file entry-v1.pdb (PDB, N, CA and C atoms)
ATOM      1  N   MET A   1     127.586-239.462  24.894
ATOM      2  CA  MET A   1     127.317-240.203  26.114
ATOM      3  C   MET A   1     127.160-239.213  27.264
ATOM      4  N   THR A   2     126.107-239.329  28.005
ATOM      5  CA  THR A   2     125.844-238.438  29.120
ATOM      6  C   THR A   2     126.390-239.040  30.400
ATOM      7  N   ASN A   3     127.112-238.224  31.146
ATOM      8  CA  ASN A   3     127.661-238.662  32.423
ATOM      9  C   ASN A   3     126.725-238.178  33.526
ATOM     10  N   HIS A   4     126.033-239.102  34.171
ATOM     11  CA  HIS A   4     125.090-238.753  35.226
ATOM     12  C   HIS A   4     125.763-238.676  36.588
ATOM     13  N   LEU A   5     127.047-239.017  36.644
ATOM     14  CA  LEU A   5     127.780-238.932  37.900
ATOM     15  C   LEU A   5     128.215-237.494  38.134
ATOM     16  N   GLN A   6     128.400-237.133  39.361
ATOM     17  CA  GLN A   6     128.902-235.810  39.699
ATOM     18  C   GLN A   6     130.367-235.960  40.095
ATOM     19  N   PRO A   7     131.296-235.749  39.156
ATOM     20  CA  PRO A   7     132.714-236.001  39.390
ATOM     21  C   PRO A   7     133.285-235.307  40.615
ATOM     22  N   GLU A   8     132.853-234.086  40.883
ATOM     23  CA  GLU A   8     133.439-233.341  41.999
ATOM     24  C   GLU A   8     133.128-233.965  43.356
ATOM     25  N   ARG A   9     132.243-234.911  43.386
ATOM     26  CA  ARG A   9     131.861-235.549  44.642
ATOM     27  C   ARG A   9     132.423-236.968  44.779
ATOM     28  N   LEU A  10     133.076-237.458  43.753
ATOM     29  CA  LEU A  10     133.551-238.838  43.785
ATOM     30  C   LEU A  10     135.067-238.910  43.774
ATOM     31  N   THR A  11     135.602-239.774  44.623
ATOM     32  CA  THR A  11     137.020-240.077  44.594
ATOM     33  C   THR A  11     137.160-241.470  44.011
ATOM     34  N   ILE A  12     138.031-241.594  43.025
ATOM     35  CA  ILE A  12     138.244-242.881  42.365
ATOM     36  C   ILE A  12     139.690-243.302  42.563
ATOM     37  N   ALA A  13     139.880-244.522  43.063
ATOM     38  CA  ALA A  13     141.221-245.086  43.217
ATOM     39  C   ALA A  13     141.567-245.844  41.941
ATOM     40  N   VAL A  14     142.756-245.572  41.420
ATOM     41  CA  VAL A  14     143.238-246.242  40.217
ATOM     42  C   VAL A  14     144.485-247.026  40.592
ATOM     43  N   GLY A  15     144.445-248.335  40.383
ATOM     44  CA  GLY A  15     145.632-249.157  40.610
ATOM     45  C   GLY A  15     146.680-248.775  39.578
ATOM     46  N   MET A  16     147.815-248.252  40.037
ATOM     47  CA  MET A  16     148.817-247.742  39.105
ATOM     48  C   MET A  16     150.103-248.554  39.174
ATOM     49  N   SER A  17     150.535-248.982  37.994
ATOM     50  CA  SER A  17     151.777-249.731  37.872
ATOM     51  C   SER A  17     152.894-248.865  37.309
ATOM     52  N   GLY A  18     152.530-247.711  36.774
ATOM     53  CA  GLY A  18     153.495-246.868  36.084
ATOM     54  C   GLY A  18     153.423-247.040  34.584
ATOM     55  N   GLY A  19     152.594-247.971  34.144
ATOM     56  CA  GLY A  19     152.435-248.227  32.722
ATOM     57  C   GLY A  19     151.463-247.250  32.072
ATOM     58  N   VAL A  20     151.345-247.369  30.776
ATOM     59  CA  VAL A  20     150.517-246.450  29.995
ATOM     60  C   VAL A  20     149.035-246.598  30.325
ATOM     61  N   ASP A  21     148.542-247.823  30.461
ATOM     62  CA  ASP A  21     147.098-248.032  30.667
ATOM     63  C   ASP A  21     146.590-247.365  31.945
ATOM     64  N   SER A  22     147.238-247.649  33.063
ATOM     65  CA  SER A  22     146.770-247.081  34.331
ATOM     66  C   SER A  22     146.991-245.577  34.371
ATOM     67  N   THR A  23     148.070-245.097  33.768
ATOM     68  CA  THR A  23     148.348-243.662  33.730
ATOM     69  C   THR A  23     147.284-242.929  32.919
ATOM     70  N   MET A  24     146.927-243.475  31.762
ATOM     71  CA  MET A  24     145.888-242.847  30.933
ATOM     72  C   MET A  24     144.532-242.877  31.637
ATOM     73  N   ALA A  25     144.214-243.967  32.308
ATOM     74  CA  ALA A  25     142.947-244.041  33.042
ATOM     75  C   ALA A  25     142.889-242.942  34.099
ATOM     76  N   ALA A  26     143.977-242.767  34.852
ATOM     77  CA  ALA A  26     144.019-241.728  35.885
ATOM     78  C   ALA A  26     143.898-240.338  35.261
ATOM     79  N   CYS A  27     144.607-240.124  34.174
ATOM     80  CA  CYS A  27     144.589-238.834  33.485
ATOM     81  C   CYS A  27     143.189-238.502  32.957
ATOM     82  N   LEU A  28     142.550-239.450  32.314
ATOM     83  CA  LEU A  28     141.209-239.220  31.764
ATOM     84  C   LEU A  28     140.175-238.959  32.864
ATOM     85  N   LEU A  29     140.276-239.698  33.954
ATOM     86  CA  LEU A  29     139.344-239.488  35.068
ATOM     87  C   LEU A  29     139.544-238.102  35.680
ATOM     88  N   LYS A  30     140.790-237.700  35.832
ATOM     89  CA  LYS A  30     141.067-236.363  36.368
ATOM     90  C   LYS A  30     140.516-235.291  35.437
ATOM     91  N   ARG A  31     140.703-235.453  34.138
ATOM     92  CA  ARG A  31     140.174-234.484  33.158
ATOM     93  C   ARG A  31     138.657-234.363  33.242
ATOM     94  N   GLN A  32     138.003-235.471  33.630
ATOM     95  CA  GLN A  32     136.543-235.458  33.755
ATOM     96  C   GLN A  32     136.089-234.836  35.072
ATOM     97  N   GLY A  33     137.042-234.479  35.925
ATOM     98  CA  GLY A  33     136.700-233.793  37.162
ATOM     99  C   GLY A  33     136.668-234.642  38.408
ATOM    100  N   PHE A  34     137.001-235.909  38.282
ATOM    101  CA  PHE A  34     137.014-236.770  39.453
ATOM    102  C   PHE A  34     138.242-236.502  40.317
ATOM    103  N   ASP A  35     138.118-236.751  41.601
ATOM    104  CA  ASP A  35     139.252-236.731  42.516
ATOM    105  C   ASP A  35     139.904-238.105  42.377
ATOM    106  N   VAL A  36     141.123-238.161  41.858
ATOM    107  CA  VAL A  36     141.781-239.435  41.554
ATOM    108  C   VAL A  36     142.920-239.679  42.538
ATOM    109  N   VAL A  37     142.985-240.911  43.023
ATOM    110  CA  VAL A  37     144.081-241.339  43.884
ATOM    111  C   VAL A  37     144.743-242.542  43.225
ATOM    112  N   GLY A  38     146.038-242.436  42.950
ATOM    113  CA  GLY A  38     146.785-243.569  42.415
ATOM    114  C   GLY A  38     147.200-244.471  43.562
ATOM    115  N   VAL A  39     147.001-245.768  43.402
ATOM    116  CA  VAL A  39     147.332-246.740  44.444
ATOM    117  C   VAL A  39     148.271-247.782  43.852
ATOM    118  N   THR A  40     149.374-248.041  44.561
ATOM    119  CA  THR A  40     150.362-249.006  44.093
ATOM    120  C   THR A  40     150.749-249.942  45.229
ATOM    121  N   MET A  41     150.858-251.230  44.912
ATOM    122  CA  MET A  41     151.321-252.220  45.890
ATOM    123  C   MET A  41     152.850-252.249  45.892
ATOM    124  N   GLN A  42     153.434-252.244  47.085
ATOM    125  CA  GLN A  42     154.873-252.431  47.225
ATOM    126  C   GLN A  42     155.066-253.880  47.674
ATOM    127  N   ILE A  43     155.637-254.711  46.778
ATOM    128  CA  ILE A  43     155.676-256.153  47.062
ATOM    129  C   ILE A  43     157.079-256.745  47.149
ATOM    130  N   TRP A  44     158.111-255.985  46.845
ATOM    131  CA  TRP A  44     159.476-256.511  46.877
ATOM    132  C   TRP A  44     160.023-256.468  48.297
ATOM    133  N   ASP A  45     160.515-257.616  48.772
ATOM    134  CA  ASP A  45     161.100-257.661  50.110
ATOM    135  C   ASP A  45     162.586-258.021  50.108
ATOM    136  N   GLY A  46     163.143-258.239  48.942
ATOM    137  CA  GLY A  46     164.570-258.532  48.843
ATOM    138  C   GLY A  46     164.964-259.955  49.188
ATOM    139  N   SER A  47     164.000-260.825  49.399
ATOM    140  CA  SER A  47     164.306-262.178  49.857
ATOM    141  C   SER A  47     164.672-263.152  48.736
ATOM    142  N   VAL A  48     164.503-262.736  47.489
ATOM    143  CA  VAL A  48     164.801-263.595  46.347
ATOM    144  C   VAL A  48     165.995-263.011  45.603
ATOM    145  N   VAL A  49     166.983-263.855  45.322
ATOM    146  CA  VAL A  49     168.137-263.399  44.566
ATOM    147  C   VAL A  49     167.784-263.410  43.080
ATOM    148  N   ILE A  50     167.910-262.254  42.449
ATOM    149  CA  ILE A  50     167.608-262.124  41.034
ATOM    150  C   ILE A  50     168.885-261.699  40.323
ATOM    151  N   PRO A  51     169.296-262.439  39.287
ATOM    152  CA  PRO A  51     170.517-262.055  38.552
ATOM    153  C   PRO A  51     170.429-260.617  38.056
ATOM    154  N   PHE A  52     171.576-259.948  38.013
ATOM    155  CA  PHE A  52     171.633-258.533  37.663
ATOM    156  C   PHE A  52     170.919-258.216  36.354
ATOM    157  N   GLU A  53     171.111-259.037  35.328
ATOM    158  CA  GLU A  53     170.526-258.743  34.018
ATOM    159  C   GLU A  53     169.002-258.851  34.003
ATOM    160  N   GLU A  54     168.408-259.444  35.028
ATOM    161  CA  GLU A  54     166.951-259.602  35.078
ATOM    162  C   GLU A  54     166.295-258.665  36.082
ATOM    163  N   ARG A  55     167.037-257.756  36.652
ATOM    164  CA  ARG A  55     166.524-256.939  37.753
ATOM    165  C   ARG A  55     165.391-255.999  37.391
ATOM    166  N   ARG A  56     165.266-255.564  36.161
ATOM    167  CA  ARG A  56     164.199-254.638  35.783
ATOM    168  C   ARG A  56     163.191-255.318  34.854
ATOM    169  N   SER A  57     162.980-256.607  35.048
ATOM    170  CA  SER A  57     162.139-257.348  34.114
ATOM    171  C   SER A  57     160.665-257.403  34.496
ATOM    172  N   GLY A  58     160.283-256.802  35.590
ATOM    173  CA  GLY A  58     158.885-256.864  35.992
ATOM    174  C   GLY A  58     158.656-256.060  37.245
ATOM    175  N   CYS A  59     157.450-256.156  37.788
ATOM    176  CA  CYS A  59     157.120-255.340  38.960
ATOM    177  C   CYS A  59     157.700-255.916  40.243
ATOM    178  N   TYR A  60     158.117-257.160  40.227
ATOM    179  CA  TYR A  60     158.652-257.773  41.437
ATOM    180  C   TYR A  60     160.159-257.884  41.293
ATOM    181  N   GLY A  61     160.888-257.079  42.011
ATOM    182  CA  GLY A  61     162.333-257.162  41.925
ATOM    183  C   GLY A  61     163.017-255.968  42.548
ATOM    184  N   PRO A  62     164.344-255.998  42.530
ATOM    185  CA  PRO A  62     165.129-254.940  43.165
ATOM    186  C   PRO A  62     164.919-253.559  42.551
ATOM    187  N   GLY A  63     164.402-253.490  41.358
ATOM    188  CA  GLY A  63     164.143-252.200  40.723
ATOM    189  C   GLY A  63     162.870-251.530  41.202
ATOM    190  N   GLU A  64     162.147-252.181  42.111
ATOM    191  CA  GLU A  64     160.852-251.648  42.544
ATOM    192  C   GLU A  64     160.971-250.260  43.175
ATOM    193  N   ALA A  65     161.984-250.014  43.981
ATOM    194  CA  ALA A  65     162.127-248.707  44.626
ATOM    195  C   ALA A  65     162.253-247.604  43.579
ATOM    196  N   GLN A  66     163.038-247.841  42.552
ATOM    197  CA  GLN A  66     163.194-246.861  41.471
ATOM    198  C   GLN A  66     161.874-246.694  40.713
ATOM    199  N   ASP A  67     161.182-247.792  40.461
ATOM    200  CA  ASP A  67     159.883-247.726  39.779
ATOM    201  C   ASP A  67     158.895-246.883  40.579
ATOM    202  N   LEU A  68     158.880-247.069  41.906
ATOM    203  CA  LEU A  68     157.961-246.310  42.751
ATOM    204  C   LEU A  68     158.300-244.825  42.744
ATOM    205  N   GLU A  69     159.578-244.487  42.751
ATOM    206  CA  GLU A  69     159.985-243.082  42.683
ATOM    207  C   GLU A  69     159.547-242.448  41.364
ATOM    208  N   GLU A  70     159.728-243.174  40.277
ATOM    209  CA  GLU A  70     159.294-242.667  38.970
ATOM    210  C   GLU A  70     157.783-242.495  38.930
ATOM    211  N   LEU A  71     157.063-243.426  39.545
ATOM    212  CA  LEU A  71     155.606-243.344  39.584
ATOM    213  C   LEU A  71     155.152-242.158  40.426
ATOM    214  N   ARG A  72     155.823-241.919  41.556
ATOM    215  CA  ARG A  72     155.482-240.759  42.387
ATOM    216  C   ARG A  72     155.659-239.459  41.592
ATOM    217  N   ALA A  73     156.760-239.368  40.852
ATOM    218  CA  ALA A  73     157.003-238.177  40.027
ATOM    219  C   ALA A  73     155.909-238.026  38.968
ATOM    220  N   LEU A  74     155.481-239.127  38.391
ATOM    221  CA  LEU A  74     154.423-239.104  37.381
ATOM    222  C   LEU A  74     153.109-238.609  37.971
ATOM    223  N   THR A  75     152.754-239.096  39.162
ATOM    224  CA  THR A  75     151.485-238.674  39.766
ATOM    225  C   THR A  75     151.536-237.199  40.175
ATOM    226  N   ILE A  76     152.709-236.711  40.532
ATOM    227  CA  ILE A  76     152.850-235.278  40.820
ATOM    228  C   ILE A  76     152.576-234.473  39.553
ATOM    229  N   ARG A  77     153.154-234.917  38.427
ATOM    230  CA  ARG A  77     152.911-234.225  37.152
ATOM    231  C   ARG A  77     151.438-234.267  36.760
ATOM    232  N   LEU A  78     150.761-235.374  37.074
ATOM    233  CA  LEU A  78     149.335-235.488  36.770
ATOM    234  C   LEU A  78     148.474-234.677  37.737
ATOM    235  N   GLY A  79     149.041-234.321  38.878
ATOM    236  CA  GLY A  79     148.291-233.568  39.881
ATOM    237  C   GLY A  79     147.332-234.417  40.679
ATOM    238  N   ILE A  80     147.719-235.684  40.903
ATOM    239  CA  ILE A  80     146.863-236.570  41.707
ATOM    240  C   ILE A  80     147.646-237.078  42.916
ATOM    241  N   ARG A  81     146.903-237.489  43.928
ATOM    242  CA  ARG A  81     147.530-238.097  45.104
ATOM    243  C   ARG A  81     148.002-239.497  44.755
ATOM    244  N   HIS A  82     148.987-239.977  45.509
ATOM    245  CA  HIS A  82     149.486-241.335  45.301
ATOM    246  C   HIS A  82     149.717-241.992  46.652
ATOM    247  N   VAL A  83     149.279-243.235  46.748
ATOM    248  CA  VAL A  83     149.447-244.013  47.971
ATOM    249  C   VAL A  83     150.147-245.311  47.619
ATOM    250  N   THR A  84     151.165-245.654  48.388
ATOM    251  CA  THR A  84     151.830-246.944  48.227
ATOM    252  C   THR A  84     151.439-247.814  49.409
ATOM    253  N   ILE A  85     150.966-249.013  49.121
ATOM    254  CA  ILE A  85     150.539-249.935  50.175
ATOM    255  C   ILE A  85     151.597-251.026  50.318
ATOM    256  N   PRO A  86     152.249-251.112  51.488
ATOM    257  CA  PRO A  86     153.275-252.140  51.688
ATOM    258  C   PRO A  86     152.638-253.521  51.876
ATOM    259  N   LEU A  87     152.833-254.386  50.894
ATOM    260  CA  LEU A  87     152.235-255.720  50.932
ATOM    261  C   LEU A  87     153.265-256.829  50.699
ATOM    262  N   ALA A  88     154.534-256.559  50.950
ATOM    263  CA  ALA A  88     155.583-257.542  50.687
ATOM    264  C   ALA A  88     155.378-258.831  51.486
ATOM    265  N   THR A  89     154.999-258.709  52.737
ATOM    266  CA  THR A  89     154.785-259.902  53.572
ATOM    267  C   THR A  89     153.656-260.757  53.014
ATOM    268  N   GLU A  90     152.540-260.121  52.685
ATOM    269  CA  GLU A  90     151.392-260.852  52.151
ATOM    270  C   GLU A  90     151.713-261.448  50.782
ATOM    271  N   TYR A  91     152.435-260.697  49.965
ATOM    272  CA  TYR A  91     152.804-261.201  48.643
ATOM    273  C   TYR A  91     153.684-262.442  48.769
ATOM    274  N   ARG A  92     154.662-262.373  49.633
ATOM    275  CA  ARG A  92     155.563-263.511  49.858
ATOM    276  C   ARG A  92     154.777-264.730  50.377
ATOM    277  N   GLN A  93     153.854-264.503  51.265
ATOM    278  CA  GLN A  93     153.082-265.578  51.871
ATOM    279  C   GLN A  93     152.107-266.231  50.880
ATOM    280  N   TRP A  94     151.418-265.437  50.101
ATOM    281  CA  TRP A  94     150.323-265.948  49.289
ATOM    282  C   TRP A  94     150.624-266.135  47.816
ATOM    283  N   VAL A  95     151.614-265.427  47.294
ATOM    284  CA  VAL A  95     151.901-265.526  45.860
ATOM    285  C   VAL A  95     153.190-266.280  45.671
TER     286      VAL A  95
END

call {"tool": "encode", "arguments": {"input": "entry-v1.pdb", "output": "structure tokens"}}
result
Amino acid sequence: MTNHLQPERLTIAVGMSGGVDSTMAACLLKRQGFDVVGVTMQIWDGSVVIPFEERRSGCYGPGEAQDLEELRALTIRLGIRHVTIPLATEYRQWV
């Protein structure tokens, strides 16, 4: 497959959750020479009480701060920039 794009001129934003799929996508794009930026939504506002045993069950919950720190460390290892977008107010309002 021929790549007609010029990777050194393109920046690609990858929505990153910290999971394998988004991490591999970012890694493969970087290997191809693209400038990759990992983007993550910060949606936890602490307004919902979640029982302790369920705190790490998904992306929305008290474990989000730890998840974001782990993701930042991962993007450093990958050698890509990472941006966190604070969307807790919008998430609470619309979702």

call {"tool": "residues_near_point", "arguments": {"input": "entry-v1.pdb", "point": "(138.1, -237.5, 41.4)", "cutoff": "6 Å", "atoms": "only C-alpha atoms", "output": "mmCIF file with N, CA and C atoms, keeping the file's coordinate frame"}}
result
data_model
loop_
_atom_site.group_PDB
_atom_site.id
_atom_site.type_symbol
_atom_site.label_atom_id
_atom_site.label_comp_id
_atom_site.auth_asym_id
_atom_site.auth_seq_id
_atom_site.Cartn_x
_atom_site.Cartn_y
_atom_site.Cartn_z
ATOM 1 N N PRO A 7 131.296 -235.749 39.156
ATOM 2 C CA PRO A 7 132.714 -236.001 39.390
ATOM 3 C C PRO A 7 133.285 -235.307 40.615
ATOM 4 N N LEU A 10 133.076 -237.458 43.753
ATOM 5 C CA LEU A 10 133.551 -238.838 43.785
ATOM 6 C C LEU A 10 135.067 -238.910 43.774
ATOM 7 N N THR A 11 135.602 -239.774 44.623
ATOM 8 C CA THR A 11 137.020 -240.077 44.594
ATOM 9 C C THR A 11 137.160 -241.470 44.011
ATOM 10 N N ILE A 12 138.031 -241.594 43.025
ATOM 11 C CA ILE A 12 138.244 -242.881 42.365
ATOM 12 C C ILE A 12 139.690 -243.302 42.563
ATOM 13 N N LYS A 30 140.790 -237.700 35.832
ATOM 14 C CA LYS A 30 141.067 -236.363 36.368
ATOM 15 C C LYS A 30 140.516 -235.291 35.437
ATOM 16 N N GLY A 33 137.042 -234.479 35.925
ATOM 17 C CA GLY A 33 136.700 -233.793 37.162
ATOM 18 C C GLY A 33 136.668 -234.642 38.408
ATOM 19 N N PHE A 34 137.001 -235.909 38.282
ATOM 20 C CA PHE A 34 137.014 -236.770 39.453
ATOM 21 C C PHE A 34 138.242 -236.502 40.317
ATOM 22 N N ASP A 35 138.118 -236.751 41.601
ATOM 23 C CA ASP A 35 139.252 -236.731 42.516
ATOM 24 C C ASP A 35 139.904 -238.105 42.377
ATOM 25 N N VAL A 36 141.123 -238.161 41.858
ATOM 26 C CA VAL A 36 141.781 -239.435 41.554
ATOM 27 C C VAL A 36 142.920 -239.679 42.538
#

call {"tool": "closest_residue", "arguments": {"input": "entry-v1.pdb", "among": "A:Leu28, A:Gly18, A:Val48, A:Gln42", "to": "Leu74 (chain A)", "atoms": "all atoms listed in the file"}}
result
A:Gly18

call {"tool": "closest_residue", "arguments": {"input": "entry-v1.pdb", "among": "A:Gln93, A:Thr75, A:Thr84, A:Thr40", "to": "Thr23 (chain A)", "atoms": "only C-alpha atoms"}}
result
A:Thr75

call {"tool": "residues_around", "arguments": {"input": "entry-v1.pdb", "residues": "Ser47 (chain A)", "least_positions_apart": "6", "cutoff": "12 Å", "atoms": "only C-alpha atoms", "output": "list in words"}}
result
Tyr60, Gly61, Pro62, Ala88, Thr89, Tyr91, Arg92 and Gln93 of chain A

call {"tool": "residues_around", "arguments": {"input": "entry-v1.pdb", "residues": "Gly38 (chain A)", "least_positions_apart": "5", "cutoff": "10 Å", "atoms": "only C-alpha atoms", "output": "PDB file with N, CA and C atoms, in the frame of the given file"}}
result
ATOM      1  N   ILE A  12     138.031-241.594  43.025  1.00  0.00           N
ATOM      2  CA  ILE A  12     138.244-242.881  42.365  1.00  0.00           C
ATOM      3  C   ILE A  12     139.690-243.302  42.563  1.00  0.00           C
ATOM      4  N   ALA A  13     139.880-244.522  43.063  1.00  0.00           N
ATOM      5  CA  ALA A  13     141.221-245.086  43.217  1.00  0.00           C
ATOM      6  C   ALA A  13     141.567-245.844  41.941  1.00  0.00           C
ATOM      7  N   VAL A  14     142.756-245.572  41.420  1.00  0.00           N
ATOM      8  CA  VAL A  14     143.238-246.242  40.217  1.00  0.00           C
ATOM      9  C   VAL A  14     144.485-247.026  40.592  1.00  0.00           C
ATOM     10  N   GLY A  15     144.445-248.335  40.383  1.00  0.00           N
ATOM     11  CA  GLY A  15     145.632-249.157  40.610  1.00  0.00           C
ATOM     12  C   GLY A  15     146.680-248.775  39.578  1.00  0.00           C
ATOM     13  N   MET A  16     147.815-248.252  40.037  1.00  0.00           N
ATOM     14  CA  MET A  16     148.817-247.742  39.105  1.00  0.00           C
ATOM     15  C   MET A  16     150.103-248.554  39.174  1.00  0.00           C
ATOM     16  N   SER A  17     150.535-248.982  37.994  1.00  0.00           N
ATOM     17  CA  SER A  17     151.777-249.731  37.872  1.00  0.00           C
ATOM     18  C   SER A  17     152.894-248.865  37.309  1.00  0.00           C
ATOM     19  N   GLY A  18     152.530-247.711  36.774  1.00  0.00           N
ATOM     20  CA  GLY A  18     153.495-246.868  36.084  1.00  0.00           C
ATOM     21  C   GLY A  18     153.423-247.040  34.584  1.00  0.00           C
ATOM     22  N   SER A  22     147.238-247.649  33.063  1.00  0.00           N
ATOM     23  CA  SER A  22     146.770-247.081  34.331  1.00  0.00           C
ATOM     24  C   SER A  22     146.991-245.577  34.371  1.00  0.00           C
ATOM     25  N   THR A  23     148.070-245.097  33.768  1.00  0.00           N
ATOM     26  CA  THR A  23     148.348-243.662  33.730  1.00  0.00           C
ATOM     27  C   THR A  23     147.284-242.929  32.919  1.00  0.00           C
ATOM     28  N   ALA A  26     143.977-242.767  34.852  1.00  0.00           N
ATOM     29  CA  ALA A  26     144.019-241.728  35.885  1.00  0.00           C
ATOM     30  C   ALA A  26     143.898-240.338  35.261  1.00  0.00           C
ATOM     31  N   LEU A  71     157.063-243.426  39.545  1.00  0.00           N
ATOM     32  CA  LEU A  71     155.606-243.344  39.584  1.00  0.00           C
ATOM     33  C   LEU A  71     155.152-242.158  40.426  1.00  0.00           C
ATOM     34  N   ARG A  72     155.823-241.919  41.556  1.00  0.00           N
ATOM     35  CA  ARG A  72     155.482-240.759  42.387  1.00  0.00           C
ATOM     36  C   ARG A  72     155.659-239.459  41.592  1.00  0.00           C
ATOM     37  N   THR A  75     152.754-239.096  39.162  1.00  0.00           N
ATOM     38  CA  THR A  75     151.485-238.674  39.766  1.00  0.00           C
ATOM     39  C   THR A  75     151.536-237.199  40.175  1.00  0.00           C
ATOM     40  N   ILE A  80     147.719-235.684  40.903  1.00  0.00           N
ATOM     41  CA  ILE A  80     146.863-236.570  41.707  1.00  0.00           C
ATOM     42  C   ILE A  80     147.646-237.078  42.916  1.00  0.00           C
ATOM     43  N   ARG A  81     146.903-237.489  43.928  1.00  0.00           N
ATOM     44  CA  ARG A  81     147.530-238.097  45.104  1.00  0.00           C
ATOM     45  C   ARG A  81     148.002-239.497  44.755  1.00  0.00           C
ATOM     46  N   HIS A  82     148.987-239.977  45.509  1.00  0.00           N
ATOM     47  CA  HIS A  82     149.486-241.335  45.301  1.00  0.00           C
ATOM     48  C   HIS A  82     149.717-241.992  46.652  1.00  0.00           C
ATOM     49  N   VAL A  83     149.279-243.235  46.748  1.00  0.00           N
ATOM     50  CA  VAL A  83     149.447-244.013  47.971  1.00  0.00           C
ATOM     51  C   VAL A  83     150.147-245.311  47.619  1.00  0.00           C
ATOM     52  N   THR A  84     151.165-245.654  48.388  1.00  0.00           N
ATOM     53  CA  THR A  84     151.830-246.944  48.227  1.00  0.00           C
ATOM     54  C   THR A  84     151.439-247.814  49.409  1.00  0.00           C
TER      55      THR A  84
END

call {"tool": "select_by_dssp", "arguments": {"input": "entry-v1.pdb", "residues": "region 15-57 of chain A", "states": "helix (DSSP H, G or I)", "output": "list in words"}}
result
Val20, Asp21, Ser22, Thr23, Met24, Ala25, Ala26, Cys27, Leu28, Leu29, Lys30, Arg31, Phe52, Glu53 and Glu54 of chain A

call {"tool": "closest_residue", "arguments": {"input": "entry-v1.pdb", "among": "A:Pro86, A:Glu69, A:Gly79, A:Trp94", "to": "Val37 (chain A)", "atoms": "only C-alpha atoms"}}
result
A:Gly79

call {"tool": "select_by_dssp", "arguments": {"input": "entry-v1.pdb", "residues": "chain A", "states": "strand (DSSP E)", "output": "PyMOL selection string"}}
result
chain A and resi 11-15+35-42+81-86

call {"tool": "atom_distance", "arguments": {"input": "entry-v1.pdb", "atom1": "CA of Cys27 (chain A)", "atom2": "CA of Trp44 (chain A)"}}
result
26.7 Å

call {"tool": "closest_residue", "arguments": {"input": "entry-v1.pdb", "among": "A:Val95, A:Ala25, A:Arg9, A:Glu70", "to": "Ile43 (chain A)", "atoms": "only C-alpha atoms"}}
result
A:Val95

call {"tool": "atom_distance", "arguments": {"input": "entry-v1.pdb", "atom1": "atom C of Glu64 (chain A)", "atom2": "atom C of Pro51 (chain A)"}}
result
14.9 Å

call {"tool": "atom_distance", "arguments": {"input": "entry-v1.pdb", "atom1": "atom C of Ile85 (chain A)", "atom2": "atom N of Met41 (chain A)"}}
result
5.5 Å

call {"tool": "build_atoms", "arguments": {"input": "entry-v1.pdb", "residues": "region 45-49 of chain A", "atoms": "all heavy atoms", "output": "PDB file, in the coordinates of the input"}}
result
ATOM      1  N   ASP A  45     160.515-257.616  48.772  1.00  0.00           N
ATOM      2  CA  ASP A  45     161.100-257.661  50.110  1.00  0.00           C
ATOM      3  C   ASP A  45     162.586-258.021  50.108  1.00  0.00           C
ATOM      4  O   ASP A  45     163.210-258.114  51.155  1.00  0.00           O
ATOM      5  CB  ASP A  45     160.335-258.631  51.003  1.00  0.00           C
ATOM      6  CG  ASP A  45     160.446-260.082  50.566  1.00  0.00           C
ATOM      7  OD1 ASP A  45     161.143-260.373  49.574  1.00  0.00           O
ATOM      8  OD2 ASP A  45     159.833-260.938  51.231  1.00  0.00           O
ATOM      9  N   GLY A  46     163.143-258.239  48.942  1.00  0.00           N
ATOM     10  CA  GLY A  46     164.570-258.532  48.843  1.00  0.00           C
ATOM     11  C   GLY A  46     164.964-259.955  49.188  1.00  0.00           C
ATOM     12  O   GLY A  46     166.145-260.292  49.236  1.00  0.00           O
ATOM     13  N   SER A  47     164.000-260.825  49.399  1.00  0.00           N
ATOM     14  CA  SER A  47     164.306-262.178  49.857  1.00  0.00           C
ATOM     15  C   SER A  47     164.672-263.152  48.736  1.00  0.00           C
ATOM     16  O   SER A  47     165.107-264.260  49.003  1.00  0.00           O
ATOM     17  CB  SER A  47     163.124-262.750  50.641  1.00  0.00           C
ATOM     18  OG  SER A  47     162.000-262.897  49.801  1.00  0.00           O
ATOM     19  N   VAL A  48     164.503-262.736  47.489  1.00  0.00           N
ATOM     20  CA  VAL A  48     164.801-263.595  46.347  1.00  0.00           C
ATOM     21  C   VAL A  48     165.995-263.011  45.603  1.00  0.00           C
ATOM     22  O   VAL A  48     166.017-261.821  45.289  1.00  0.00           O
ATOM     23  CB  VAL A  48     163.582-263.693  45.394  1.00  0.00           C
ATOM     24  CG1 VAL A  48     163.918-264.515  44.167  1.00  0.00           C
ATOM     25  CG2 VAL A  48     162.381-264.265  46.124  1.00  0.00           C
ATOM     26  N   VAL A  49     166.983-263.855  45.322  1.00  0.00           N
ATOM     27  CA  VAL A  49     168.137-263.399  44.566  1.00  0.00           C
ATOM     28  C   VAL A  49     167.784-263.410  43.080  1.00  0.00           C
ATOM     29  O   VAL A  49     167.395-264.436  42.534  1.00  0.00           O
ATOM     30  CB  VAL A  49     169.366-264.294  44.835  1.00  0.00           C
ATOM     31  CG1 VAL A  49     170.544-263.857  43.990  1.00  0.00           C
ATOM     32  CG2 VAL A  49     169.713-264.286  46.312  1.00  0.00           C
TER      33      VAL A  49
END
